[in-house]
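Remarks on the structure that follows.
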Amino acid sequence: MISVVLLGAGNVATHLYKVFHNSDAITVTQWYNRHIDKISTYKNEVSVTDSLIELVEADLYVMAVSDDAIATVSEALPFQDRLVVHTSGTASLYDLDAKHRRGVFYPLQTFTKDATIDFNTIPLCIEALKKADYKLLKTLAHAIGSQDYKVSTEQRKRLHIAAVFANNFTNQMYRIAHEITEANQIEFDVLKPLILETAKKIQNMSPYMAQTGPATRGDKQTIKKHLNLIENPQHKAIYKLLTESITETHGRKKL
């Protein structure tokens, strides 16, 4: 049984608590947050605290806090030579205070607090300075059903950039599409089968091979018509930039 103390109360922390709590191989011995009211609803399941000096001993301390707080909180922990990990996609392993055995336990997924998350489908990127600590993190990942990946700090930083393109930027494109459909009294649901099929295709082929549309075909007339119809200057600029990126990728002349 792996004993865990969880620090933080955001989306990632909440989902990690739930999956840890439901695992037969993990016990959450304590949950810390500086604002205890955010975790008080769980006080009948787990010991909660808002005091770092009250933290109990555990095999592992998982810091699911903001990137800006990692260094400060890890420095304030009232012990040393225990395994402390953060869950950030961009923070360095060395942002953790050197008095600890340091590691990273980064779940590569988008988290919304009330959404249902299946950790069987979530890659866990792990890193540690010591072999025994790496082995423990690997065991922890398997205990919640996740596939583990050994990813260095530098690799993880670039992976996080890729994730921003794949998730955050893509979702912003959905938001713009939603705005366009709403402005023209069209149900956004009409686009959902297209969105799902686009995501489905890259399960079996590369994004390069999956690309379709007027920019890929070099269809200048359609692109010109689209640009004439787009009224929002920011949307027009995004359309132009992405069109140029696609045409360059697929060997078309600049449109």
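Going through the structure tokens in order, the chains are called A, B, and so on, while each chain numbers its residues from 1 and the ligands are numbered from 1 in the order shown.
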
If we count only C-alpha atoms and set the cut-off at 7 Å, which residues sit around segment 223-240 of chain A, ignoring sequence neighbours fewer than 4 positions away in its own chain? Please answer as a CSV table (one decimal) with all heavy atoms, in the first residue's frame.
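Writing the result to part-v2.csv gives the following:
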```csv
chain,number,residue,atom,x,y,z
A,214,PRO,N,-9.7,23.5,-48.2
A,214,PRO,CA,-9.3,24.3,-49.3
A,214,PRO,C,-7.8,24.6,-49.3
A,214,PRO,O,-7.2,24.7,-50.4
A,214,PRO,CB,-10.2,25.6,-49.1
A,214,PRO,CG,-10.6,25.5,-47.7
A,214,PRO,CD,-10.7,24.1,-47.3
A,219,ASP,N,-7.3,25.7,-53.1
A,219,ASP,CA,-8.5,26.2,-53.6
A,219,ASP,C,-8.6,27.7,-53.2
A,219,ASP,O,-9.2,28.1,-52.3
A,219,ASP,CB,-9.7,25.5,-53.0
A,219,ASP,CG,-11.0,25.8,-53.6
A,219,ASP,OD1,-11.1,26.9,-54.3
A,219,ASP,OD2,-12.0,25.1,-53.4
A,244,GLU,N,-2.0,29.8,-44.4
A,244,GLU,CA,-0.6,29.8,-44.8
A,244,GLU,C,0.2,28.6,-44.3
A,244,GLU,O,1.1,28.1,-45.0
A,244,GLU,CB,0.1,31.1,-44.4
A,244,GLU,CG,-0.4,32.3,-45.2
A,244,GLU,CD,0.1,33.7,-44.6
A,244,GLU,OE1,1.0,33.6,-43.7
A,244,GLU,OE2,-0.3,34.7,-45.1
```

Taking only C-alpha atoms into account, produce a table as a Markdown table in which each residue of segment 32-65 of chain A with an atom at most 12 Å from an atom of segment 135-148 of chain A appears once, together with its shortest atom pair and the distance in Å to one decimal, ordered by chain and rising number.
```
| residue | atom | partner | partner_atom | distance |
| --- | --- | --- | --- | --- |
| A:Asp59 | CA | A:Leu136 | CA | 8.9 |
| A:Leu60 | CA | A:Leu136 | CA | 8.8 |
| A:Tyr61 | CA | A:Leu137 | CA | 11.1 |
| A:Val62 | CA | A:Leu137 | CA | 10.5 |
```

Go ahead and dump the residues you just picked, all heavy atoms, as a tab-separated table (two decimals), in the first residue's frame.
```tsv
chain	number	residue	atom	x	y	z
A	59	ASP	N	4.73	7.87	2.11
A	59	ASP	CA	5.69	7.42	1.11
A	59	ASP	C	5.94	8.50	0.06
A	59	ASP	O	7.02	8.57	-0.53
A	59	ASP	CB	5.17	6.16	0.40
A	59	ASP	CG	5.02	4.98	1.35
A	59	ASP	OD1	5.89	4.81	2.23
A	59	ASP	OD2	4.02	4.25	1.21
A	60	LEU	N	4.92	9.33	-0.15
A	60	LEU	CA	4.96	10.26	-1.28
A	60	LEU	C	4.10	11.48	-1.00
A	60	LEU	O	3.00	11.37	-0.46
A	60	LEU	CB	4.43	9.53	-2.52
A	60	LEU	CG	4.23	10.28	-3.81
A	60	LEU	CD1	5.55	10.75	-4.37
A	60	LEU	CD2	3.51	9.40	-4.83
A	61	TYR	N	4.62	12.65	-1.40
A	61	TYR	CA	3.88	13.90	-1.28
A	61	TYR	C	3.66	14.44	-2.69
A	61	TYR	O	4.62	14.76	-3.40
A	61	TYR	CB	4.65	14.91	-0.43
A	61	TYR	CG	4.86	14.43	0.99
A	61	TYR	CD1	5.86	13.50	1.28
A	61	TYR	CD2	4.04	14.86	2.02
A	61	TYR	CE1	6.05	13.02	2.57
A	61	TYR	CE2	4.22	14.39	3.33
A	61	TYR	CZ	5.22	13.47	3.59
A	61	TYR	OH	5.39	13.00	4.87
A	62	VAL	N	2.40	14.50	-3.10
A	62	VAL	CA	2.05	14.92	-4.45
A	62	VAL	C	1.56	16.37	-4.40
A	62	VAL	O	0.51	16.67	-3.83
A	62	VAL	CB	0.97	14.03	-5.06
A	62	VAL	CG1	0.59	14.52	-6.46
A	62	VAL	CG2	1.44	12.58	-5.13
```

Please provide the set of residues having any atom within 12 Å of segment 155-172 of chain A, restricted to only C-alpha atoms, with same-chain residues fewer than 6 positions apart removed, written as a ChimeraX atom specification. /A:87-93,104-111,123-127,149,178-179,195,198-199,202,207,235,238,242

Got time to write the residues from that selection, N, CA, C and O atoms, as a compact mmCIF listing (two decimals), in the first residue's frame?
```txt
# COMPACT_ATOMS: atom_id res chain seq x y z
N THR A 87 3.04 18.03 -10.30
CA THR A 87 2.24 17.50 -11.41
C THR A 87 2.22 18.44 -12.61
O THR A 87 1.36 18.34 -13.47
N SER A 88 3.19 19.34 -12.68
CA SER A 88 3.21 20.36 -13.72
C SER A 88 3.76 19.85 -15.05
O SER A 88 4.67 19.02 -15.09
N GLY A 89 3.24 20.43 -16.14
CA GLY A 89 3.76 20.09 -17.45
C GLY A 89 4.98 20.90 -17.83
O GLY A 89 5.75 20.49 -18.70
N THR A 90 5.20 22.04 -17.17
CA THR A 90 6.28 22.93 -17.58
C THR A 90 7.34 23.18 -16.51
O THR A 90 8.47 23.55 -16.84
N ALA A 91 7.00 23.00 -15.25
CA ALA A 91 7.97 23.26 -14.19
C ALA A 91 9.08 22.22 -14.20
O ALA A 91 8.86 21.05 -14.51
N SER A 92 10.28 22.64 -13.84
CA SER A 92 11.42 21.74 -13.80
C SER A 92 11.37 20.84 -12.56
O SER A 92 10.79 21.21 -11.53
N LEU A 93 11.98 19.71 -12.68
CA LEU A 93 12.18 18.84 -11.52
C LEU A 93 12.93 19.61 -10.44
O LEU A 93 12.68 19.44 -9.24
N VAL A 104 8.56 14.00 -10.63
CA VAL A 104 7.44 14.57 -11.38
C VAL A 104 6.44 13.47 -11.69
O VAL A 104 6.81 12.36 -12.07
N PHE A 105 5.16 13.80 -11.50
CA PHE A 105 4.06 12.87 -11.78
C PHE A 105 3.02 13.68 -12.56
O PHE A 105 2.10 14.25 -12.00
N TYR A 106 3.21 13.74 -13.89
CA TYR A 106 2.44 14.64 -14.74
C TYR A 106 1.41 13.88 -15.58
O TYR A 106 1.77 13.18 -16.53
N PRO A 107 0.11 14.01 -15.25
CA PRO A 107 -0.92 13.38 -16.07
C PRO A 107 -1.24 14.27 -17.28
O PRO A 107 -1.65 15.42 -17.12
N LEU A 108 -1.02 13.73 -18.45
CA LEU A 108 -1.21 14.51 -19.68
C LEU A 108 -2.68 14.42 -20.12
O LEU A 108 -3.08 13.54 -20.87
N GLN A 109 -3.46 15.35 -19.60
CA GLN A 109 -4.88 15.38 -19.92
C GLN A 109 -5.44 16.75 -19.53
O GLN A 109 -4.83 17.47 -18.73
N THR A 110 -6.57 17.11 -20.11
CA THR A 110 -7.27 18.32 -19.70
C THR A 110 -8.24 17.95 -18.59
O THR A 110 -8.98 16.97 -18.71
N PHE A 111 -8.22 18.71 -17.51
CA PHE A 111 -9.04 18.38 -16.34
C PHE A 111 -10.07 19.47 -16.07
O PHE A 111 -9.73 20.65 -15.98
N PRO A 123 -2.05 9.17 -20.12
CA PRO A 123 -0.61 8.90 -20.00
C PRO A 123 -0.05 9.62 -18.77
O PRO A 123 -0.38 10.78 -18.52
N LEU A 124 0.80 8.93 -18.01
CA LEU A 124 1.46 9.53 -16.85
C LEU A 124 2.93 9.72 -17.17
O LEU A 124 3.65 8.74 -17.40
N CYS A 125 3.38 10.96 -17.24
CA CYS A 125 4.78 11.25 -17.52
C CYS A 125 5.51 11.37 -16.18
O CYS A 125 5.15 12.22 -15.35
N ILE A 126 6.51 10.52 -15.98
CA ILE A 126 7.17 10.49 -14.68
C ILE A 126 8.67 10.72 -14.82
O ILE A 126 9.28 10.44 -15.85
N GLU A 127 9.23 11.27 -13.75
CA GLU A 127 10.65 11.59 -13.71
C GLU A 127 11.08 11.57 -12.25
O GLU A 127 10.31 11.97 -11.36
N TYR A 149 5.16 6.88 -18.77
CA TYR A 149 6.17 7.23 -19.77
C TYR A 149 7.31 7.95 -19.07
O TYR A 149 7.08 8.89 -18.31
N HIS A 178 -18.15 28.00 -32.82
CA HIS A 178 -19.41 28.14 -32.08
C HIS A 178 -19.96 29.56 -32.22
O HIS A 178 -21.17 29.76 -32.41
N GLU A 179 -19.07 30.54 -32.17
CA GLU A 179 -19.49 31.94 -32.32
C GLU A 179 -20.06 32.19 -33.71
O GLU A 179 -21.07 32.88 -33.86
N ILE A 195 -16.20 17.17 -35.91
CA ILE A 195 -15.17 17.25 -34.88
C ILE A 195 -14.74 15.86 -34.42
O ILE A 195 -13.54 15.57 -34.30
N THR A 198 -12.74 14.02 -37.16
CA THR A 198 -11.39 14.57 -37.27
C THR A 198 -10.49 13.97 -36.20
O THR A 198 -9.35 13.57 -36.48
N ALA A 199 -10.98 13.90 -34.97
CA ALA A 199 -10.20 13.30 -33.88
C ALA A 199 -10.00 11.81 -34.09
O ALA A 199 -8.94 11.25 -33.80
N ILE A 202 -7.03 10.61 -36.71
CA ILE A 202 -5.61 10.58 -36.33
C ILE A 202 -5.26 9.43 -35.40
O ILE A 202 -4.10 9.29 -35.00
N PRO A 207 -1.46 13.25 -38.62
CA PRO A 207 -2.19 14.48 -38.89
C PRO A 207 -1.91 15.03 -40.29
O PRO A 207 -2.80 15.62 -40.92
N HIS A 235 -10.48 36.86 -36.18
CA HIS A 235 -10.79 35.59 -36.83
C HIS A 235 -10.19 35.54 -38.24
O HIS A 235 -9.69 34.51 -38.69
N ILE A 238 -6.48 34.86 -37.93
CA ILE A 238 -6.24 33.45 -37.60
C ILE A 238 -6.44 32.58 -38.83
O ILE A 238 -5.64 31.68 -39.10
N LEU A 242 -3.39 30.26 -40.34
CA LEU A 242 -3.50 28.80 -40.42
C LEU A 242 -3.53 28.33 -41.86
O LEU A 242 -2.97 27.27 -42.19
```

Find, counting only C-alpha atoms, the residue in A:Ala9, A:Leu16, A:Leu52, A:Ile246 that gets nearest to Ala76 of chain A.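 Among the listed residues, the smallest separation from Ala76 of chain A belongs to A:Leu52.
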
So how many Å separate atom CA of Thr49 of chain A and atom CA of Tyr32 of chain A, to one decimal?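 Answer for the atom CA of Thr49 of chain A to atom CA of Tyr32 of chain A separation: 4.9 Å.
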
Residue set, segment 20-196 of chain A restricted to strand (DSSP E or B), as a ChimeraX atom specification: /A:26-32,48-49,60-63,83-86,101-107,123-128,147-150

Take the residues from that selection and write them out as a short mmCIF file (atom, residue, chain, number, x, y, z; two decimals), in the first residue's frame, keeping N, CA, C and O atoms.
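Below is the file that was written, result-v8.cif:
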```cif
data_model
loop_
_atom_site.label_atom_id
_atom_site.label_comp_id
_atom_site.auth_asym_id
_atom_site.auth_seq_id
_atom_site.Cartn_x
_atom_site.Cartn_y
_atom_site.Cartn_z
N ILE A 26 -3.49 2.22 -2.92
CA ILE A 26 -3.09 3.56 -2.47
C ILE A 26 -3.97 3.99 -1.30
O ILE A 26 -5.19 3.76 -1.31
N THR A 27 -3.36 4.62 -0.32
CA THR A 27 -4.13 5.26 0.74
C THR A 27 -3.75 6.74 0.83
O THR A 27 -2.55 7.07 0.89
N VAL A 28 -4.73 7.61 0.74
CA VAL A 28 -4.49 9.05 0.92
C VAL A 28 -4.57 9.32 2.41
O VAL A 28 -5.65 9.34 2.99
N THR A 29 -3.44 9.52 3.03
CA THR A 29 -3.40 9.68 4.48
C THR A 29 -3.76 11.10 4.90
O THR A 29 -4.20 11.32 6.03
N GLN A 30 -3.59 12.04 3.98
CA GLN A 30 -3.89 13.44 4.33
C GLN A 30 -4.02 14.28 3.07
O GLN A 30 -3.40 13.99 2.04
N TRP A 31 -4.85 15.33 3.17
CA TRP A 31 -5.02 16.27 2.06
C TRP A 31 -4.84 17.67 2.61
O TRP A 31 -5.54 18.09 3.54
N TYR A 32 -3.90 18.40 2.03
CA TYR A 32 -3.60 19.76 2.47
C TYR A 32 -4.04 20.78 1.43
O TYR A 32 -3.86 20.57 0.22
N VAL A 48 -8.00 16.20 6.59
CA VAL A 48 -7.71 17.43 5.86
C VAL A 48 -7.04 18.44 6.79
O VAL A 48 -7.28 18.45 8.00
N THR A 49 -6.19 19.28 6.21
CA THR A 49 -5.49 20.29 7.00
C THR A 49 -5.14 21.50 6.15
O THR A 49 -5.01 21.39 4.93
N LEU A 60 4.92 9.33 -0.15
CA LEU A 60 4.96 10.26 -1.28
C LEU A 60 4.10 11.48 -1.00
O LEU A 60 3.00 11.37 -0.46
N TYR A 61 4.62 12.65 -1.40
CA TYR A 61 3.88 13.90 -1.28
C TYR A 61 3.66 14.44 -2.69
O TYR A 61 4.62 14.76 -3.40
N VAL A 62 2.40 14.50 -3.10
CA VAL A 62 2.05 14.92 -4.45
C VAL A 62 1.56 16.37 -4.40
O VAL A 62 0.51 16.67 -3.83
N MET A 63 2.34 17.26 -5.01
CA MET A 63 2.02 18.69 -5.03
C MET A 63 1.30 19.06 -6.33
O MET A 63 1.92 19.29 -7.36
N LEU A 83 10.13 11.79 -0.55
CA LEU A 83 9.83 11.94 -1.98
C LEU A 83 8.69 12.95 -2.17
O LEU A 83 7.56 12.72 -1.72
N VAL A 84 9.01 14.05 -2.83
CA VAL A 84 8.04 15.10 -3.14
C VAL A 84 8.01 15.28 -4.66
O VAL A 84 9.05 15.44 -5.30
N VAL A 85 6.81 15.23 -5.23
CA VAL A 85 6.68 15.38 -6.68
C VAL A 85 5.68 16.48 -7.00
O VAL A 85 4.78 16.77 -6.20
N HIS A 86 5.84 17.09 -8.16
CA HIS A 86 4.82 18.02 -8.66
C HIS A 86 4.15 17.42 -9.88
O HIS A 86 4.62 16.42 -10.44
N ARG A 101 13.76 14.42 -1.87
CA ARG A 101 13.93 13.53 -3.03
C ARG A 101 12.87 13.98 -4.03
O ARG A 101 11.69 13.99 -3.73
N ARG A 102 13.32 14.37 -5.21
CA ARG A 102 12.44 15.09 -6.13
C ARG A 102 11.96 14.23 -7.29
O ARG A 102 12.68 13.36 -7.78
N GLY A 103 10.73 14.54 -7.72
CA GLY A 103 10.17 13.80 -8.86
C GLY A 103 9.04 14.56 -9.51
O GLY A 103 8.60 15.61 -9.04
N VAL A 104 8.56 14.00 -10.63
CA VAL A 104 7.44 14.57 -11.38
C VAL A 104 6.44 13.47 -11.69
O VAL A 104 6.81 12.36 -12.07
N PHE A 105 5.16 13.80 -11.50
CA PHE A 105 4.06 12.87 -11.78
C PHE A 105 3.02 13.68 -12.56
O PHE A 105 2.10 14.25 -12.00
N TYR A 106 3.21 13.74 -13.89
CA TYR A 106 2.44 14.64 -14.74
C TYR A 106 1.41 13.88 -15.58
O TYR A 106 1.77 13.18 -16.53
N PRO A 107 0.11 14.01 -15.25
CA PRO A 107 -0.92 13.38 -16.07
C PRO A 107 -1.24 14.27 -17.28
O PRO A 107 -1.65 15.42 -17.12
N PRO A 123 -2.05 9.17 -20.12
CA PRO A 123 -0.61 8.90 -20.00
C PRO A 123 -0.05 9.62 -18.77
O PRO A 123 -0.38 10.78 -18.52
N LEU A 124 0.80 8.93 -18.01
CA LEU A 124 1.46 9.53 -16.85
C LEU A 124 2.93 9.72 -17.17
O LEU A 124 3.65 8.74 -17.40
N CYS A 125 3.38 10.96 -17.24
CA CYS A 125 4.78 11.25 -17.52
C CYS A 125 5.51 11.37 -16.18
O CYS A 125 5.15 12.22 -15.35
N ILE A 126 6.51 10.52 -15.98
CA ILE A 126 7.17 10.49 -14.68
C ILE A 126 8.67 10.72 -14.82
O ILE A 126 9.28 10.44 -15.85
N GLU A 127 9.23 11.27 -13.75
CA GLU A 127 10.65 11.59 -13.71
C GLU A 127 11.08 11.57 -12.25
O GLU A 127 10.31 11.97 -11.36
N ALA A 128 12.26 11.09 -11.97
CA ALA A 128 12.79 11.09 -10.61
C ALA A 128 14.31 11.04 -10.68
O ALA A 128 14.89 10.58 -11.66
N GLN A 147 -0.88 4.30 -18.11
CA GLN A 147 0.37 3.91 -18.75
C GLN A 147 1.42 4.95 -18.41
O GLN A 147 1.17 6.15 -18.55
N ASP A 148 2.59 4.51 -17.92
CA ASP A 148 3.63 5.46 -17.55
C ASP A 148 4.61 5.66 -18.70
O ASP A 148 4.87 4.76 -19.49
N TYR A 149 5.16 6.88 -18.77
CA TYR A 149 6.17 7.23 -19.77
C TYR A 149 7.31 7.95 -19.07
O TYR A 149 7.08 8.89 -18.31
N LYS A 150 8.53 7.52 -19.34
CA LYS A 150 9.69 8.19 -18.78
C LYS A 150 9.99 9.42 -19.63
O LYS A 150 10.42 9.31 -20.77
#
```
